[in-house]
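Structure file entry.cif with mmCIF, C-alpha atoms:
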```
data_coords
loop_
_atom_site.label_atom_id
_atom_site.label_comp_id
_atom_site.auth_asym_id
_atom_site.auth_seq_id
_atom_site.Cartn_x
_atom_site.Cartn_y
_atom_site.Cartn_z
CA MET U 1 -73.66 -6.60 -73.00
CA ASN U 2 -70.90 -3.97 -72.72
CA ASN U 3 -70.53 -1.17 -70.17
CA ASP U 4 -72.26 1.47 -72.32
CA GLN U 5 -75.27 -0.79 -72.78
CA ILE U 6 -75.48 -1.45 -69.05
CA LYS U 7 -75.24 2.27 -68.23
CA SER U 8 -77.83 3.07 -70.86
CA LEU U 9 -80.13 0.38 -69.47
CA VAL U 10 -79.76 1.73 -65.92
CA ARG U 11 -80.59 5.25 -67.09
CA LEU U 12 -83.61 3.94 -68.95
CA LEU U 13 -84.75 2.13 -65.81
CA LEU U 14 -84.33 5.32 -63.76
CA ASN U 15 -86.44 7.29 -66.20
CA THR U 16 -89.06 4.56 -66.45
CA ALA U 17 -89.23 4.14 -62.69
CA SER U 18 -89.55 7.90 -62.12
CA GLY U 19 -92.42 8.05 -64.62
CA ALA U 20 -94.10 5.09 -62.95
CA ILE U 21 -93.76 6.72 -59.55
CA ILE U 22 -95.33 9.93 -60.82
CA ALA U 23 -98.22 7.91 -62.21
CA TRP U 24 -98.50 5.97 -58.96
CA SER U 25 -98.38 9.22 -57.02
CA ALA U 26 -101.18 10.66 -59.12
CA SER U 27 -103.37 7.63 -58.58
CA LYS U 28 -102.61 7.17 -54.89
CA SER U 29 -102.41 10.73 -53.65
CA GLN U 30 -105.79 10.58 -52.01
CA SER U 31 -105.01 7.54 -49.94
CA ALA U 32 -101.30 8.15 -49.41
CA LYS U 33 -101.80 9.62 -45.96
CA ASP U 34 -103.75 6.53 -44.92
CA THR U 35 -101.53 3.86 -46.40
CA GLY U 36 -98.31 5.68 -45.50
CA GLN U 37 -95.89 3.88 -47.74
CA PHE U 38 -92.53 3.68 -46.08
CA LEU U 39 -90.49 4.79 -49.08
CA ALA U 40 -92.68 7.79 -49.82
CA ASN U 41 -92.60 8.91 -46.21
CA PHE U 42 -88.86 8.38 -46.03
CA ILE U 43 -88.15 11.07 -48.60
CA ASN U 44 -91.27 13.14 -47.95
CA GLY U 45 -93.14 12.24 -51.10
CA PRO U 46 -93.05 10.15 -54.26
CA ASP U 47 -92.74 13.21 -56.48
CA ALA U 48 -89.45 14.03 -54.82
CA LEU U 49 -88.21 10.50 -55.50
CA ALA U 50 -89.26 10.77 -59.14
CA LEU U 51 -87.60 14.16 -59.45
CA GLY U 52 -84.43 12.80 -57.92
CA MET U 53 -84.34 9.81 -60.22
CA THR U 54 -84.91 12.01 -63.23
CA ALA U 55 -82.08 14.26 -62.08
CA VAL U 56 -79.79 11.27 -61.73
CA ALA U 57 -80.60 10.05 -65.21
CA TRP U 58 -80.26 13.57 -66.59
CA ILE U 59 -76.86 14.37 -65.04
CA TRP U 60 -75.48 10.92 -65.63
CA GLY U 61 -76.62 10.94 -69.24
CA HIS U 62 -75.09 14.35 -69.83
CA LEU U 63 -71.74 13.39 -68.33
CA ALA U 64 -71.64 10.00 -70.01
CA HIS U 65 -72.23 11.57 -73.40
CA SER U 66 -69.83 14.43 -72.87
CA ASN U 67 -66.82 12.23 -73.66
CA GLY U 68 -67.74 11.95 -77.33
CA PRO U 69 -67.40 8.84 -79.44
CA GLU U 70 -64.49 6.55 -78.72
CA THR U 71 -61.84 6.35 -81.41
CA PRO U 72 -60.66 2.90 -82.44
CA GLN U 73 -57.20 2.07 -81.08
CA PRO U 74 -54.58 0.15 -83.06
CA THR U 75 -53.94 -3.29 -81.66
CA SER U 76 -50.38 -2.42 -80.70
CA ALA U 77 -51.35 0.68 -78.77
CA PRO U 78 -51.69 0.57 -74.98
CA PRO U 79 -55.25 0.47 -73.60
CA PRO U 80 -56.87 3.92 -73.45
CA LYS U 81 -56.82 5.66 -70.10
CA SER U 82 -60.01 6.79 -68.46
CA THR U 83 -60.78 10.46 -69.02
CA GLY U 84 -62.03 10.82 -65.48
CA SER U 85 -65.47 12.12 -66.46
CA GLY U 86 -68.60 10.31 -67.54
CA GLY U 87 -68.81 6.70 -66.34
CA THR U 88 -67.94 6.29 -62.69
CA LEU U 89 -67.48 10.00 -61.90
CA GLY U 90 -70.86 10.77 -63.45
CA LEU U 91 -72.48 8.06 -61.37
CA TRP U 92 -70.97 9.40 -58.15
CA LEU U 93 -71.99 12.97 -58.98
CA SER U 94 -75.49 11.77 -59.76
CA LEU U 95 -75.74 9.83 -56.53
CA GLY U 96 -74.46 12.90 -54.68
CA ALA U 97 -77.12 15.06 -56.30
CA LEU U 98 -79.79 12.52 -55.36
CA ALA U 99 -78.54 12.33 -51.78
CA GLY U 100 -78.44 16.12 -51.52
CA LEU U 101 -81.97 16.41 -52.84
CA MET U 102 -83.27 13.80 -50.42
CA VAL U 103 -81.43 15.06 -47.35
CA ALA U 104 -81.77 18.80 -47.71
CA GLY U 105 -84.27 19.52 -50.44
CA CYS U 106 -87.69 18.38 -49.36
CA ALA U 107 -90.12 19.36 -46.66
CA GLY U 108 -92.90 17.24 -45.19
CA ILE U 109 -96.54 18.22 -45.45
CA ALA U 110 -97.71 20.05 -42.35
CA PRO U 111 -100.65 18.52 -40.46
CA GLY U 112 -104.04 19.72 -41.59
CA ASN U 113 -103.01 20.35 -45.19
CA ASP U 114 -104.46 18.28 -48.01
CA PRO U 115 -101.54 16.35 -49.58
CA LEU U 116 -103.25 16.33 -52.98
CA VAL U 117 -103.54 20.13 -53.01
CA VAL U 118 -99.94 20.61 -51.86
CA ARG U 119 -98.63 18.20 -54.50
CA VAL U 120 -100.69 19.91 -57.20
CA GLU U 121 -99.34 23.30 -56.12
CA GLN U 122 -95.80 21.94 -56.23
CA THR U 123 -96.47 20.78 -59.78
CA GLN U 124 -97.92 24.20 -60.64
CA THR U 125 -94.74 25.89 -59.42
CA THR U 126 -92.37 23.45 -61.10
CA ALA U 127 -94.30 23.44 -64.39
CA LYS U 128 -94.38 27.24 -64.54
CA GLY U 129 -90.61 27.29 -64.02
CA ALA U 130 -90.01 24.59 -66.62
CA PHE U 131 -92.21 26.28 -69.25
CA ASP U 132 -90.49 29.60 -68.52
CA LEU U 133 -87.13 27.94 -69.01
CA VAL U 134 -87.88 26.17 -72.31
CA LEU U 135 -89.60 29.21 -73.80
CA LYS U 136 -86.81 31.57 -72.77
CA VAL U 137 -84.15 29.21 -74.07
CA ASP U 138 -85.97 29.05 -77.40
CA ASN U 139 -86.65 32.79 -77.39
CA ALA U 140 -82.95 33.51 -76.90
CA ASP U 141 -82.32 32.48 -80.52
CA ARG U 142 -85.49 31.38 -82.27
CA GLY U 143 -83.84 31.29 -85.70
CA PHE U 144 -81.16 28.90 -84.47
CA TYR U 145 -83.60 26.50 -82.86
CA LYS U 146 -86.03 26.71 -85.74
CA THR U 147 -83.24 25.55 -88.06
CA ASN U 148 -81.31 23.16 -85.82
CA ALA U 149 -84.01 21.80 -83.51
CA ALA U 150 -87.29 22.10 -85.36
CA GLY U 151 -89.03 19.70 -83.00
CA PHE U 152 -88.03 21.71 -79.94
CA HIS U 153 -89.06 24.99 -81.55
CA GLY U 154 -92.32 23.39 -82.67
CA PHE U 155 -93.06 22.30 -79.10
CA CYS U 156 -92.35 25.85 -77.88
CA GLU U 157 -94.67 27.27 -80.54
CA TRP U 158 -97.34 24.81 -79.44
CA LEU U 159 -96.93 26.10 -75.88
CA ARG U 160 -97.29 29.68 -77.16
CA VAL U 161 -100.57 29.22 -79.01
CA LYS U 162 -103.25 31.44 -77.49
CA VAL U 163 -106.17 29.39 -76.16
CA PRO U 164 -109.30 30.35 -74.23
CA THR U 165 -109.48 29.71 -70.50
CA SER U 166 -112.38 28.73 -68.29
CA ASP U 167 -112.90 32.31 -67.07
CA GLY U 168 -113.33 33.64 -70.60
CA GLY U 169 -109.81 34.97 -70.98
CA VAL U 170 -107.10 34.02 -73.44
CA LEU U 171 -103.65 32.79 -72.41
CA PRO U 172 -100.71 31.05 -74.06
CA ARG U 173 -101.29 27.30 -73.88
CA ALA U 174 -98.46 26.83 -71.34
CA SER U 175 -100.23 29.23 -68.99
CA ALA U 176 -103.73 28.11 -69.92
CA MET U 177 -103.12 24.52 -68.86
CA LEU U 178 -101.76 25.76 -65.52
CA TRP U 179 -104.74 28.07 -65.21
CA THR U 180 -107.04 25.10 -65.79
CA LEU U 181 -105.19 23.08 -63.16
CA ASP U 182 -105.44 25.99 -60.73
CA ALA U 183 -109.16 26.40 -61.38
CA GLU U 184 -109.72 22.67 -60.90
CA LYS U 185 -107.72 22.74 -57.68
CA LEU U 186 -109.78 25.65 -56.35
CA ALA U 187 -112.98 23.82 -57.31
CA TYR U 188 -111.74 20.71 -55.49
CA LYS U 189 -110.91 22.77 -52.40
CA ALA U 190 -114.37 24.31 -52.54
CA GLY U 191 -115.95 20.87 -52.83
CA THR U 192 -117.46 21.47 -56.25
CA ALA U 193 -115.14 19.13 -58.16
CA SER U 194 -113.99 15.60 -57.47
CA SER U 195 -110.42 14.56 -56.88
CA ASN U 196 -110.69 12.45 -60.05
CA ASN U 197 -111.15 15.58 -62.15
CA LEU U 198 -108.23 17.27 -60.43
CA VAL U 199 -105.95 14.26 -60.94
CA LEU U 200 -106.98 14.10 -64.60
CA VAL U 201 -105.90 17.71 -65.25
CA TRP U 202 -102.85 17.26 -63.02
CA ASP U 203 -101.78 14.26 -65.10
CA MET U 204 -102.14 16.28 -68.31
CA VAL U 205 -99.86 19.00 -66.93
CA GLN U 206 -97.36 16.39 -65.68
CA THR U 207 -97.21 14.90 -69.16
CA ASN U 208 -96.41 18.26 -70.75
CA LEU U 209 -93.96 19.04 -67.97
CA THR U 210 -92.12 15.79 -68.67
CA GLN U 211 -92.09 16.59 -72.38
CA ALA U 212 -90.65 20.05 -71.70
CA GLN U 213 -87.91 18.59 -69.53
CA THR U 214 -87.17 15.95 -72.16
CA TRP U 215 -86.80 18.62 -74.83
CA LEU U 216 -84.44 20.56 -72.58
CA LEU U 217 -82.38 17.42 -72.11
CA ALA U 218 -82.33 16.81 -75.86
CA VAL U 219 -81.32 20.31 -76.96
CA THR U 220 -78.69 20.82 -74.27
CA ASN U 221 -77.05 17.46 -74.98
CA SER U 222 -77.14 17.35 -78.76
CA LEU U 223 -76.70 20.90 -80.03
CA ALA U 224 -73.77 22.11 -77.96
CA LYS U 225 -71.29 19.81 -79.71
CA MET K 226 -52.37 31.26 -82.45
CA THR K 227 -54.73 31.55 -85.41
CA ALA K 228 -56.78 28.66 -84.11
CA ALA K 229 -56.98 30.29 -80.68
CA LEU K 230 -58.14 33.56 -82.19
CA ALA K 231 -60.75 31.72 -84.24
CA LEU K 232 -61.94 29.96 -81.08
CA VAL K 233 -62.22 33.27 -79.24
CA GLN K 234 -64.24 34.68 -82.12
CA ILE K 235 -66.62 31.75 -81.86
CA ILE K 236 -66.94 31.81 -78.07
CA LEU K 237 -67.31 35.55 -77.49
CA PRO K 238 -70.64 35.94 -79.34
CA LEU K 239 -71.98 32.93 -77.44
CA LEU K 240 -71.22 34.37 -73.99
CA PRO K 241 -74.44 36.42 -73.67
CA SER K 242 -76.52 33.34 -74.52
CA ILE K 243 -74.60 31.17 -72.07
CA GLU K 244 -74.89 33.81 -69.36
CA SER K 245 -78.64 34.32 -69.82
CA GLY K 246 -79.18 30.56 -70.11
CA ALA K 247 -77.27 29.97 -66.88
CA VAL K 248 -79.41 32.57 -65.10
CA GLU K 249 -82.60 30.95 -66.38
CA LEU K 250 -81.36 27.51 -65.33
CA TRP K 251 -80.47 28.83 -61.87
CA ASN K 252 -83.94 30.35 -61.56
CA PHE K 253 -85.49 27.03 -62.53
CA ILE K 254 -83.39 25.13 -59.98
CA ASN K 255 -84.47 27.59 -57.29
CA THR K 256 -88.08 27.19 -58.39
CA VAL K 257 -87.88 23.41 -58.07
CA ARG K 258 -86.14 23.75 -54.73
CA GLY K 259 -88.86 26.10 -53.51
CA ALA K 260 -91.56 23.70 -54.67
CA ALA K 261 -89.86 20.78 -52.92
CA GLN K 262 -89.78 22.74 -49.68
CA GLN K 263 -93.47 23.65 -49.76
CA SER K 264 -95.20 22.09 -46.78
CA ALA K 265 -98.62 23.75 -46.72
CA VAL K 266 -101.30 24.87 -49.15
CA TRP K 267 -100.94 28.34 -50.64
CA THR K 268 -102.37 31.34 -48.86
CA THR K 269 -104.85 33.59 -50.67
CA ASP K 270 -102.06 36.04 -51.46
CA MET K 271 -99.83 33.33 -52.92
CA GLU K 272 -102.76 32.07 -55.01
CA ALA K 273 -103.42 35.58 -56.35
CA SER K 274 -99.71 36.08 -57.04
CA TYR K 275 -99.53 32.83 -59.00
CA GLN K 276 -102.56 33.74 -61.09
CA ALA K 277 -101.01 37.15 -61.77
CA THR K 278 -97.82 35.52 -63.06
CA LEU K 279 -99.90 33.37 -65.41
CA LYS K 280 -101.78 36.40 -66.75
CA ALA K 281 -98.50 38.30 -67.15
CA THR K 282 -97.33 35.75 -69.70
CA THR K 283 -99.70 37.27 -72.26
CA THR K 284 -97.21 40.13 -72.61
CA ASP K 285 -94.00 38.17 -71.99
CA PRO K 286 -91.93 38.18 -75.22
CA ALA K 287 -90.86 34.57 -74.66
CA TYR K 288 -94.52 33.52 -74.72
CA GLN K 289 -95.34 35.26 -78.00
CA PRO K 290 -95.64 33.01 -81.07
CA ASP K 291 -93.51 33.58 -84.14
CA ALA K 292 -94.69 36.40 -86.33
CA PRO K 293 -96.73 35.09 -89.27
CA LYS K 294 -94.90 35.19 -92.60
#
```
As a first step, turn the structure in this file into structure tokens.
Amino acid sequence: MNNDQIKSLVRLLLNTASGAIIAWSASKSQSAKDTGQFLANFINGPDALALGMTAVAWIWGHLAHSNGPETPQPTSAPPPKSTGSGGTLGLWLSLGALAGLMVAGCAGIAPGNDPLVVRVEQTQTTAKGAFDLVLKVDNADRGFYKTNAAGFHGFCEWLRVKVPTSDGGVLPRASAMLWTLDAEKLAYKAGTASSNNLVLVWDMVQTNLTQAQTWLLAVTNSLAK
Amino acid sequence: MTAALALVQIILPLLPSIESGAVELWNFINTVRGAAQQSAVWTTDMEASYQATLKATTTDPAYQPDAPK
């Protein structure tokens, strides 16, 4: 197993672990304040850990791929020198970003606030920002993305489809799913919906949020070269 | 010299896209940072503001589907 394979495997593990933590967070949110897992408390929440791990994988992957393919060297040539980016530098930058996020980025949940509601609202904010970003990136040059990244443009078009909402209105799907999550959250707060229903809708939004972030990663790493 | 001029011709038209993309990315980073720093449930005003931003997307150009052919 060479260095590239090891780095790729570590990035895969980071992504997989962050996804698993999000899933664990969704299933354990209700009892998190009782069980008080040390790791989650240490960084003020499992979502923050997952976000940090995703950021590490994202930045590291971008830097590692920014060197381009290696060219074969003739046997008589001296060994190639490191370019200074990617590899080790990328790892250190990623670890720095993770440390910065953990030390300065997160706040604890104030006493008396329902952790499930706060986490859902954090997802609502992040998802709105992510959908804004992908749709504005695509909207900046729809013709380009339609030709060069049909999958990405197709995902954006899927997010733009007008769908009915629970209050009888019509919104783009990206907004409608957040509207549904918001309505479910309000119903949960009012005691008219169970936490299971809220987590179900929350999980659906998380899935689409992950897909949006993955598409961003794909188009920013593959089309700029 | 010719290659440099050709490179400039390629880069210059891309600058507006890069600039607007960087602004959007910065906004997103600030959004995530704000979400990470949230420590309490939203107030009624914040809830209403969030719902208003969702409804505003119906007129946002970025949220409009491609025109049918």
Could you give me, as JSON lines, every chain K residue with an atom at most 7 Å from chain U, plus its closest atom pair and distance in Å to one decimal, counting all atoms listed in the file, rows ordered by chain then number?
```
{"residue": "K:Ser242", "atom": "CA", "partner": "U:Ala140", "partner_atom": "CA", "distance": 6.9}
{"residue": "K:Gly246", "atom": "CA", "partner": "U:Val137", "partner_atom": "CA", "distance": 6.5}
{"residue": "K:Glu249", "atom": "CA", "partner": "U:Leu133", "partner_atom": "CA", "distance": 6.0}
{"residue": "K:Leu250", "atom": "CA", "partner": "U:Leu133", "partner_atom": "CA", "distance": 6.9}
{"residue": "K:Phe253", "atom": "CA", "partner": "U:Gly129", "partner_atom": "CA", "distance": 5.3}
{"residue": "K:Thr256", "atom": "CA", "partner": "U:Gly129", "partner_atom": "CA", "distance": 6.2}
{"residue": "K:Val257", "atom": "CA", "partner": "U:Thr126", "partner_atom": "CA", "distance": 5.4}
{"residue": "K:Arg258", "atom": "CA", "partner": "U:Gly105", "partner_atom": "CA", "distance": 6.3}
{"residue": "K:Ala260", "atom": "CA", "partner": "U:Gln122", "partner_atom": "CA", "distance": 4.8}
{"residue": "K:Ala261", "atom": "CA", "partner": "U:Cys106", "partner_atom": "CA", "distance": 4.8}
{"residue": "K:Gln262", "atom": "CA", "partner": "U:Ala107", "partner_atom": "CA", "distance": 4.5}
{"residue": "K:Gln263", "atom": "CA", "partner": "U:Ala107", "partner_atom": "CA", "distance": 6.3}
{"residue": "K:Ser264", "atom": "CA", "partner": "U:Ile109", "partner_atom": "CA", "distance": 4.3}
{"residue": "K:Ala265", "atom": "CA", "partner": "U:Asn113", "partner_atom": "CA", "distance": 5.8}
{"residue": "K:Val266", "atom": "CA", "partner": "U:Val118", "partner_atom": "CA", "distance": 5.2}
{"residue": "K:Leu279", "atom": "CA", "partner": "U:Ser175", "partner_atom": "CA", "distance": 5.5}
{"residue": "K:Lys280", "atom": "CA", "partner": "U:Leu171", "partner_atom": "CA", "distance": 7.0}
{"residue": "K:Thr283", "atom": "CA", "partner": "U:Leu171", "partner_atom": "CA", "distance": 6.0}
{"residue": "K:Ala287", "atom": "CA", "partner": "U:Asn139", "partner_atom": "CA", "distance": 5.3}
{"residue": "K:Tyr288", "atom": "CA", "partner": "U:Arg160", "partner_atom": "CA", "distance": 5.3}
{"residue": "K:Gln289", "atom": "CA", "partner": "U:Arg160", "partner_atom": "CA", "distance": 6.0}
{"residue": "K:Pro290", "atom": "CA", "partner": "U:Arg160", "partner_atom": "CA", "distance": 5.4}
```
What is the distance, in Å and to one decimal place, between CA of Pro293 in chain K and CA of Lys146 in chain U?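 Between CA of Pro293 in chain K and CA of Lys146 in chain U the gap is 14.0 Å.
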Could you jot down the CA of Asn197 in chain U to CA of Tyr275 in chain K separation for me, Å, one decimal place?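 According to the coordinates, CA of Asn197 in chain U and CA of Tyr275 in chain K are separated by 21.0 Å.
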Calculate how many Å separate CA of Leu198 in chain U from CA of Gln276 in chain K, rounding to one decimal.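 We find that CA of Leu198 in chain U and CA of Gln276 in chain K lie 17.4 Å from each other.
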